[in-house]
Every structure is written in C-alpha cells, then in structure tokens.
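Next up, protein.txt (compact mmCIF, C-alpha atoms):
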# COMPACT_ATOMS: atom_id res chain seq x y z
CA MET A 162 0.00 0.00 0.00
CA ARG A 163 1.01 3.51 -0.62
CA GLU A 164 1.61 5.80 2.29
CA VAL A 165 -0.33 9.04 2.16
CA GLU A 166 1.58 12.21 2.87
CA PRO A 167 -0.14 14.49 5.37
CA ARG A 168 -1.67 17.64 3.87
CA SER A 169 0.68 19.94 5.77
CA HIS A 170 3.70 18.22 4.19
CA GLN A 171 2.11 18.45 0.74
CA ARG A 172 1.50 22.18 1.21
CA GLU A 173 5.06 22.69 2.48
CA ARG A 174 6.45 20.76 -0.46
CA ARG A 175 4.38 22.81 -2.94
CA ARG A 176 5.51 26.04 -1.27
CA SER A 177 9.15 24.95 -1.52
CA LEU A 178 8.72 24.15 -5.22
CA VAL A 179 7.01 27.51 -5.86
CA VAL A 180 9.76 29.39 -4.00
CA ALA A 181 12.47 27.47 -5.89
CA ALA A 182 10.77 28.27 -9.21
CA PHE A 183 10.44 31.92 -8.22
CA VAL A 184 14.14 32.15 -7.26
CA ALA A 185 15.14 30.46 -10.53
CA ALA A 186 13.01 32.94 -12.48
CA LEU A 187 14.67 35.87 -10.67
CA VAL A 188 18.14 34.52 -11.43
CA ILE A 189 17.24 34.09 -15.10
CA MET A 190 15.78 37.60 -15.29
CA ALA A 191 18.87 39.10 -13.64
CA GLY A 192 21.11 37.20 -16.07
CA VAL A 193 19.14 38.40 -19.08
CA GLN A 194 19.22 41.98 -17.75
CA TYR A 195 23.00 41.81 -17.23
CA LEU A 196 23.69 40.33 -20.65
CA SER A 197 21.43 42.82 -22.42
CA THR A 198 23.11 45.89 -20.87
CA ARG A 199 26.77 45.01 -21.39
CA LYS A 200 28.73 45.62 -24.54
CA PRO A 201 29.34 42.68 -26.84
CA ASP A 202 32.48 40.82 -25.79
CA ALA A 203 32.81 43.06 -22.70
CA GLY A 204 35.06 41.42 -20.18
CA VAL A 205 36.06 38.74 -22.66
CA ARG A 206 39.80 38.84 -23.01
CA THR A 207 41.43 36.78 -25.64
CA PRO A 208 44.81 35.50 -24.59
CA LEU A 209 47.68 37.27 -26.28
CA SER A 210 50.06 35.31 -28.44
CA PRO A 211 53.68 35.02 -27.31
CA GLN A 212 54.62 37.40 -30.17
CA ALA A 213 52.09 40.00 -28.98
CA ARG A 214 53.37 39.74 -25.40
CA ALA A 215 56.96 40.19 -26.62
CA TYR A 216 55.89 43.19 -28.70
CA LEU A 217 54.19 44.77 -25.67
CA ARG A 218 57.30 44.24 -23.52
CA ASN A 219 59.52 45.77 -26.20
CA ILE A 220 57.32 48.79 -26.86
CA ARG A 221 57.01 49.48 -23.13
CA ASP A 222 60.79 49.23 -22.68
CA VAL A 223 61.54 51.55 -25.61
CA ALA A 224 58.93 54.10 -24.53
CA GLU A 225 59.89 54.13 -20.85
CA ASN A 226 63.62 54.26 -21.63
CA SER A 227 63.14 57.13 -24.08
CA LEU A 228 61.08 59.09 -21.59
CA ALA A 229 63.64 58.49 -18.82
CA GLN A 230 66.45 59.58 -21.17
CA VAL A 231 64.81 62.92 -21.97
CA GLU A 232 64.07 63.47 -18.27
CA ALA A 233 67.74 62.71 -17.47
CA MET A 234 68.86 65.18 -20.13
CA LEU A 235 66.66 67.86 -18.61
CA ALA A 236 68.02 67.04 -15.14
CA ALA A 237 71.60 67.32 -16.43
CA VAL A 238 70.84 70.81 -17.75
CA ASP A 239 69.17 71.73 -14.45
CA ARG A 240 72.25 70.63 -12.46
CA SER A 241 74.71 72.67 -14.47
CA VAL A 242 75.00 76.39 -13.96
CA ARG A 243 76.32 76.87 -17.45
CA ARG A 244 76.84 74.62 -20.41
CA THR A 245 80.08 72.72 -20.12
CA GLY A 246 81.67 70.16 -22.38
CA GLU A 247 80.51 67.45 -19.97
CA VAL A 248 76.87 68.53 -20.18
CA ALA A 249 77.11 68.81 -23.97
CA ASP A 250 78.53 65.26 -24.12
CA THR A 251 75.72 64.00 -21.89
CA LEU A 252 73.14 65.62 -24.14
CA ASP A 253 74.78 64.27 -27.32
CA GLN A 254 74.94 60.81 -25.79
CA GLY A 255 71.25 61.11 -24.84
CA ILE A 256 70.31 62.03 -28.42
CA HIS A 257 72.35 59.09 -29.72
CA GLN A 258 70.60 56.69 -27.32
CA LEU A 259 67.19 58.04 -28.32
CA GLU A 260 68.06 57.47 -31.98
CA THR A 261 68.98 53.85 -31.16
CA TRP A 262 65.66 53.28 -29.37
CA GLN A 263 63.81 55.00 -32.24
CA ARG A 264 65.38 52.49 -34.67
CA GLN A 265 64.37 49.62 -32.35
CA PHE A 266 60.81 50.94 -32.31
CA VAL A 267 60.66 51.21 -36.09
CA ALA A 268 61.84 47.60 -36.35
CA LEU A 269 58.94 46.36 -34.20
CA SER A 270 56.00 44.78 -36.00
CA PRO A 271 52.82 45.38 -34.03
CA PRO A 272 49.99 42.87 -34.04
CA GLN A 273 47.00 44.04 -36.06
CA THR A 274 45.00 44.78 -32.89
CA LEU A 275 47.69 47.19 -31.65
CA GLN A 276 48.24 49.26 -34.81
CA ASN A 277 46.60 52.42 -33.44
CA GLN A 278 48.56 52.31 -30.19
CA HIS A 279 51.77 51.63 -32.13
CA HIS A 280 51.25 54.76 -34.24
CA GLU A 281 50.45 56.84 -31.14
CA VAL A 282 53.59 55.62 -29.34
CA GLY A 283 55.61 56.39 -32.48
CA ARG A 284 54.22 59.93 -32.53
CA LEU A 285 55.10 60.37 -28.83
CA LEU A 286 58.63 59.03 -29.36
CA THR A 287 59.08 61.56 -32.17
CA GLU A 288 57.91 64.28 -29.79
CA LEU A 289 60.45 63.08 -27.19
CA MET A 290 63.19 63.33 -29.81
CA SER A 291 62.04 66.86 -30.62
CA LEU A 292 62.16 67.74 -26.92
CA ALA A 293 65.66 66.28 -26.62
CA HIS A 294 66.86 68.47 -29.51
CA ALA A 295 65.20 71.51 -27.89
CA ILE A 296 66.96 70.75 -24.59
CA ARG A 297 70.31 70.38 -26.36
CA SER A 298 69.92 73.66 -28.25
CA SER A 299 68.68 75.77 -25.32
CA GLN A 300 71.13 77.63 -23.17
CA THR A 301 68.96 77.28 -20.09
CA ILE A 302 65.68 75.58 -19.33
CA GLU A 303 63.77 77.79 -16.93
CA PRO A 304 61.02 76.23 -14.75
CA SER A 305 58.42 77.92 -16.96
CA HIS A 306 60.08 76.82 -20.22
CA PRO A 307 57.64 75.22 -22.72
CA VAL A 308 59.87 72.13 -22.91
CA ARG A 309 58.90 71.23 -19.34
CA HIS A 310 55.20 71.49 -20.12
CA ARG A 311 55.55 69.49 -23.34
CA LEU A 312 57.50 66.79 -21.49
CA THR A 313 54.75 66.55 -18.88
CA VAL A 314 52.09 66.26 -21.59
CA VAL A 315 54.07 63.56 -23.45
CA HIS A 316 54.73 61.70 -20.19
CA ASP A 317 51.02 61.65 -19.30
CA ARG A 318 49.90 60.65 -22.80
CA LEU A 319 52.53 57.92 -23.05
CA GLU A 320 51.45 56.54 -19.69
CA GLN A 321 47.83 56.58 -20.84
CA VAL A 322 48.60 54.75 -24.10
CA LEU A 323 50.76 52.13 -22.38
CA ASN A 324 48.07 51.51 -19.77
CA THR A 325 45.51 51.10 -22.55
CA VAL A 326 47.78 48.57 -24.21
CA ASP A 327 48.17 46.72 -20.89
CA ASP A 328 44.38 46.49 -20.59
CA LEU A 329 44.07 44.68 -23.92
Encoded form (structure tokens):
Amino acid sequence: MREVEPRSHQRERRRSLVVAAFVAALVIMAGVQYLSTRKPDAGVRTPLSPQARAYLRNIRDVAENSLAQVEAMLAAVDRSVRRTGEVADTLDQGIHQLETWQRQFVALSPPQTLQNQHHEVGRLLTELMSLAHAIRSSQTIEPSHPVRHRLTVVHDRLEQVLNTVDDL
C-alpha cells in the first residue's frame, strides 16, 4: 500500500517548489538583464600570443627608456649652472641613445589589434626626440620653459597609451 503524505507536508512541499521556481526565475531575469546591458564581448579577453606579449614588452621598454632619457637630459641641464663640455657630451649621448631606441621601435611589428597604439607611441617618441633636440639647443631651461610642459604632456599621454595597451 502507498503511504499518504499528510496535507501539511504536501503544502510545504508545494511552497518549496514555488519558491524554488520563483528564485530560478529571478536569477534568469537578472542574467538576461545583465547580458542585455553590457557591450558585446565586454570582459572577454582573448589570450595574447607570445609574439604580442613580446611586442608589448619591447614597446614598453623603448617608450619608458626614451622618456627616462629625456628626463635625465633635462636634469643634467638643471644641475649645471652653465653649459660645459661634460653637459654637452651628456646631451649628445642622450640624443644618440634616443636614436637607437627609435630604430628599435621602427623595427617592431605590431599585431593588427595594436596598430593604433603603435602609431600613437611612435608619434610620442618623435615628440620626445624633438624635446631632446630643444633641450640640447637651449642655453637654459627655466622652470616655466615650454619644454617642461611638453614633457609633462608627453609623459602623461605615453602613460595613458601604455596603460591602454596593458588592458588589452
């Protein structure tokens, strides 16, 4: 014979099933809402190839080294009261090093997805070279000199581009 479940248990069981169905419906609705409001492929990161990772390391190294070189050139000018042969040699050596890094940058082949960032970094490296030449040709670099402002702008923009590349 079949055992009959008391009515109170049947009601409790039905309530549990209704609550479970209600919770499932809420979860589904929340999921649909979330998926409908996010951008396509948002949060989906495709793994970078070893070549892309190597490219990113190289571009970061070239950009950071170039920026540090121009900052060091400006610091060398700031430390000297007047232009000496030693300061001139430091500035010439800085220009030479920037030219070497510029050639390394030109030799890099960016992945297709990083073309825009590559061109922006190239533009900023060209601006750093221009700043280096301005530092070398100036007799003094006053605190209000436009070179200082341009260097700050390039520094900030380069940092922004490199951080964008890191986020890819």
*Please provide the set of residues having any atom within 10 Å of A:Phe266, restricted to all atoms listed in the file, with same-chain residues fewer than 2 positions apart removed, written as an NGL selection string.*
:A and (216 or 219-220 or 222-224 or 260-264 or 268-271 or 279 or 282-283 or 286)
*asked:* So that I can check the surroundings of A:Asp253, please list as a list of chain:residue names every protein, DNA and RNA residue that reaches within 12 Å of it, counting all atoms listed in the file and ignoring chain neighbours fewer than 2 positions away.
replied: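 The filter keeps A:Gln230, A:Val231, A:Met234, A:Ala237, A:Gly246, A:Glu247, A:Val248, A:Ala249, A:Asp250, A:Thr251, A:Gly255, A:Ile256, A:His257, A:Gln258, A:Leu259, A:Glu260, A:Met290, A:Ala293, A:His294, A:Ile296, A:Arg297, A:Ser298.
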*Determine the nearest neighbour of A:Val238 from the options A:Glu173, A:Glu303, A:Glu320, A:Glu281, counting only C-alpha atoms.*
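Of A:Glu173, A:Glu303, A:Glu320, A:Glu281, the one nearest A:Val238, counting only C-alpha atoms, is A:Glu303.
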*A:Leu228, A:Thr245, A:Val267, A:Gln276: which is nearest A:Asp317, counting only C-alpha atoms?*
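Among the listed residues, A:Leu228 lies closest to A:Asp317.
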_Distance in Å - atom CA of A:Leu319 versus atom CA of A:Gln254_ = 22.8 Å
